[in-house]
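**Student:** Take a look at the following structure, please.
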Amino acid sequence: MSSPPKRPMTPAYIFFYLLFSSEAWRIAAGFAAAVLVTPYLLPGGLSTFGRALMYLMVGVVGYTLLGMPSRRIAAWWKKTILGSSKR
């Protein structure tokens, strides 16, 4: 029994894979939180390592907080683009 052929890795395939992936949304939210929120939270006098660690911590918190909403976002995109799965 042979397995079905794999889909070619085209830019469109990668785009829609990321669009429908809840993990991609969580990573994007963590990155956005780190970039947008961390500058307001940084105390003065931190070393470069301290600043990097603060950005990392805020990014991880953003990633963690978007767990459930990211699944809903991905499901909404699937429903909007692919339509209802009930046929």
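Letters A, B, ... mark the chains of the structure tokens in the order given; residue numbers begin at 1 per chain; ligand numbers begin at 1, in order shown.
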Write out as a list in words each polymer residue whose atoms come within 12 Å of Leu66 in chain A, counting only C-alpha atoms; drop sequence neighbours fewer than 6 positions from it.

**Tutor:**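 Returned residues: Ser22, Glu23, Ala24, Trp25, Arg26, Ile27, Ala28, Ala29, Gly30, Phe31, Ala32, Ala33, Gly59, Val60, Arg72, Ile73 and Ala74 of chain A.
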
**Student:** Could you write out the selected residues, including N, CA and C atoms, as a PDB file, in the first residue's frame?

**Tutor:**
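What ended up in again_7.pdb:
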ATOM      1  N   SER A  22      -2.639  27.573  15.035  1.00  0.00           N
ATOM      2  CA  SER A  22      -2.802  28.354  16.266  1.00  0.00           C
ATOM      3  C   SER A  22      -1.441  28.718  16.867  1.00  0.00           C
ATOM      4  N   GLU A  23      -0.445  27.879  16.662  1.00  0.00           N
ATOM      5  CA  GLU A  23       0.890  28.179  17.190  1.00  0.00           C
ATOM      6  C   GLU A  23       1.484  29.422  16.533  1.00  0.00           C
ATOM      7  N   ALA A  24       1.235  29.599  15.246  1.00  0.00           N
ATOM      8  CA  ALA A  24       1.749  30.785  14.557  1.00  0.00           C
ATOM      9  C   ALA A  24       1.142  32.052  15.157  1.00  0.00           C
ATOM     10  N   TRP A  25      -0.145  31.999  15.501  1.00  0.00           N
ATOM     11  CA  TRP A  25      -0.792  33.154  16.111  1.00  0.00           C
ATOM     12  C   TRP A  25      -0.247  33.428  17.503  1.00  0.00           C
ATOM     13  N   ARG A  26       0.066  32.369  18.242  1.00  0.00           N
ATOM     14  CA  ARG A  26       0.636  32.546  19.577  1.00  0.00           C
ATOM     15  C   ARG A  26       2.025  33.168  19.488  1.00  0.00           C
ATOM     16  N   ILE A  27       2.823  32.715  18.537  1.00  0.00           N
ATOM     17  CA  ILE A  27       4.169  33.264  18.361  1.00  0.00           C
ATOM     18  C   ILE A  27       4.089  34.730  17.945  1.00  0.00           C
ATOM     19  N   ALA A  28       3.169  35.044  17.035  1.00  0.00           N
ATOM     20  CA  ALA A  28       3.005  36.433  16.591  1.00  0.00           C
ATOM     21  C   ALA A  28       2.572  37.328  17.750  1.00  0.00           C
ATOM     22  N   ALA A  29       1.674  36.841  18.607  1.00  0.00           N
ATOM     23  CA  ALA A  29       1.220  37.632  19.753  1.00  0.00           C
ATOM     24  C   ALA A  29       2.348  37.834  20.756  1.00  0.00           C
ATOM     25  N   GLY A  30       3.146  36.808  20.985  1.00  0.00           N
ATOM     26  CA  GLY A  30       4.280  36.952  21.888  1.00  0.00           C
ATOM     27  C   GLY A  30       5.284  37.963  21.376  1.00  0.00           C
ATOM     28  N   PHE A  31       5.558  37.899  20.084  1.00  0.00           N
ATOM     29  CA  PHE A  31       6.487  38.859  19.475  1.00  0.00           C
ATOM     30  C   PHE A  31       5.932  40.281  19.559  1.00  0.00           C
ATOM     31  N   ALA A  32       4.637  40.433  19.248  1.00  0.00           N
ATOM     32  CA  ALA A  32       4.015  41.759  19.303  1.00  0.00           C
ATOM     33  C   ALA A  32       4.015  42.303  20.727  1.00  0.00           C
ATOM     34  N   ALA A  33       3.729  41.443  21.698  1.00  0.00           N
ATOM     35  CA  ALA A  33       3.751  41.884  23.097  1.00  0.00           C
ATOM     36  C   ALA A  33       5.146  42.332  23.496  1.00  0.00           C
ATOM     37  N   GLY A  59       7.622  38.355  25.941  1.00  0.00           N
ATOM     38  CA  GLY A  59       7.204  37.568  24.786  1.00  0.00           C
ATOM     39  C   GLY A  59       6.620  36.227  25.192  1.00  0.00           C
ATOM     40  N   VAL A  60       7.213  35.577  26.166  1.00  0.00           N
ATOM     41  CA  VAL A  60       6.699  34.287  26.641  1.00  0.00           C
ATOM     42  C   VAL A  60       5.338  34.474  27.320  1.00  0.00           C
ATOM     43  N   ARG A  72      -9.194  29.926  18.591  1.00  0.00           N
ATOM     44  CA  ARG A  72     -10.408  30.525  18.021  1.00  0.00           C
ATOM     45  C   ARG A  72     -10.086  31.341  16.771  1.00  0.00           C
ATOM     46  N   ILE A  73      -8.977  32.057  16.781  1.00  0.00           N
ATOM     47  CA  ILE A  73      -8.575  32.834  15.602  1.00  0.00           C
ATOM     48  C   ILE A  73      -8.312  31.909  14.428  1.00  0.00           C
ATOM     49  N   ALA A  74      -7.561  30.830  14.660  1.00  0.00           N
ATOM     50  CA  ALA A  74      -7.264  29.880  13.588  1.00  0.00           C
ATOM     51  C   ALA A  74      -8.537  29.214  13.082  1.00  0.00           C
TER      52      ALA A  74
END

**Student:** Give me, as a CSV table (one decimal) with N, CA and C atoms, in the first residue's frame, all polymer residues having an atom no more than 12 Å from Arg51 in chain A, counting only C-alpha atoms and skipping those fewer than 4 positions away in the same chain.

**Tutor:**
chain,number,residue,atom,x,y,z
A,34,ALA,N,6.1,41.6,23.1
A,34,ALA,CA,7.5,41.9,23.4
A,34,ALA,C,7.9,43.3,22.8
A,35,VAL,N,7.5,43.5,21.6
A,35,VAL,CA,7.9,44.7,20.9
A,35,VAL,C,7.1,45.9,21.4
A,38,THR,N,7.2,45.9,26.2
A,38,THR,CA,8.4,45.9,26.9
A,38,THR,C,9.1,47.2,27.1
A,39,PRO,N,9.1,48.1,26.0
A,39,PRO,CA,9.7,49.4,26.3
A,39,PRO,C,9.1,50.2,27.4
A,40,TYR,N,7.8,50.0,27.7
A,40,TYR,CA,7.2,50.7,28.8
A,40,TYR,C,7.5,50.1,30.1
A,41,LEU,N,7.9,48.8,30.1
A,41,LEU,CA,8.2,48.2,31.4
A,41,LEU,C,9.7,48.2,31.8
A,42,LEU,N,10.6,48.6,30.9
A,42,LEU,CA,12.0,48.5,31.2
A,42,LEU,C,12.4,49.6,32.2
A,43,PRO,N,13.0,49.2,33.3
A,43,PRO,CA,13.6,50.1,34.3
A,43,PRO,C,14.9,50.7,33.7
A,44,GLY,N,15.3,51.8,34.2
A,44,GLY,CA,16.6,52.3,33.7
A,44,GLY,C,17.7,51.6,34.3
A,45,GLY,N,18.9,51.6,33.6
A,45,GLY,CA,20.1,51.0,34.1
A,45,GLY,C,20.2,49.5,33.9
A,46,LEU,N,19.4,48.9,33.0
A,46,LEU,CA,19.6,47.5,32.7
A,46,LEU,C,20.7,47.3,31.7
A,47,SER,N,21.4,46.2,31.9
A,47,SER,CA,22.4,45.8,30.9
A,47,SER,C,21.8,45.3,29.7
A,55,TYR,N,12.7,41.4,27.3
A,55,TYR,CA,11.9,41.2,26.1
A,55,TYR,C,11.5,39.7,26.0
A,56,LEU,N,12.4,38.8,26.3
A,56,LEU,CA,12.1,37.4,26.2
A,56,LEU,C,10.9,37.0,27.2
A,57,MET,N,11.0,37.5,28.4
A,57,MET,CA,9.9,37.2,29.4
A,57,MET,C,8.6,37.7,29.0
A,58,VAL,N,8.5,39.0,28.5
A,58,VAL,CA,7.3,39.5,28.1
A,58,VAL,C,6.7,38.8,26.8

**Student:** Just how far from CA of Leu19 in chain A is CA of Trp77 in chain A, in Å to one decimal?

**Tutor:**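 Distance reported for this atom pair: 7.3 Å.
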
**Student:** Mind pulling up the distance from CA of Thr64 in chain A to CA of Leu36 in chain A?

**Tutor:**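 Distance between the two atoms: 16.3 Å.
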
**Student:** Applying 10 Å and only C-alpha atoms, which residues near range 4-16 of chain A remain after dropping the ones on its own chain fewer than 5 positions away? List them as a PDB file with N, CA and C atoms, in the first residue's frame.

**Tutor:**
ATOM      1  N   SER A  21      -2.663  27.884  11.574  1.00  0.00           N
ATOM      2  CA  SER A  21      -1.975  27.291  12.721  1.00  0.00           C
ATOM      3  C   SER A  21      -2.157  28.164  13.962  1.00  0.00           C
ATOM      4  N   TRP A  77     -10.423  31.685  10.863  1.00  0.00           N
ATOM      5  CA  TRP A  77      -9.830  31.788   9.534  1.00  0.00           C
ATOM      6  C   TRP A  77     -10.178  30.574   8.673  1.00  0.00           C
ATOM      7  N   LYS A  78     -10.123  29.374   9.272  1.00  0.00           N
ATOM      8  CA  LYS A  78     -10.485  28.173   8.520  1.00  0.00           C
ATOM      9  C   LYS A  78     -11.924  28.240   8.047  1.00  0.00           C
ATOM     10  N   ILE A  81     -12.288  31.125   5.282  1.00  0.00           N
ATOM     11  CA  ILE A  81     -11.666  30.877   3.981  1.00  0.00           C
ATOM     12  C   ILE A  81     -12.129  29.572   3.362  1.00  0.00           C
TER      13      ILE A  81
END
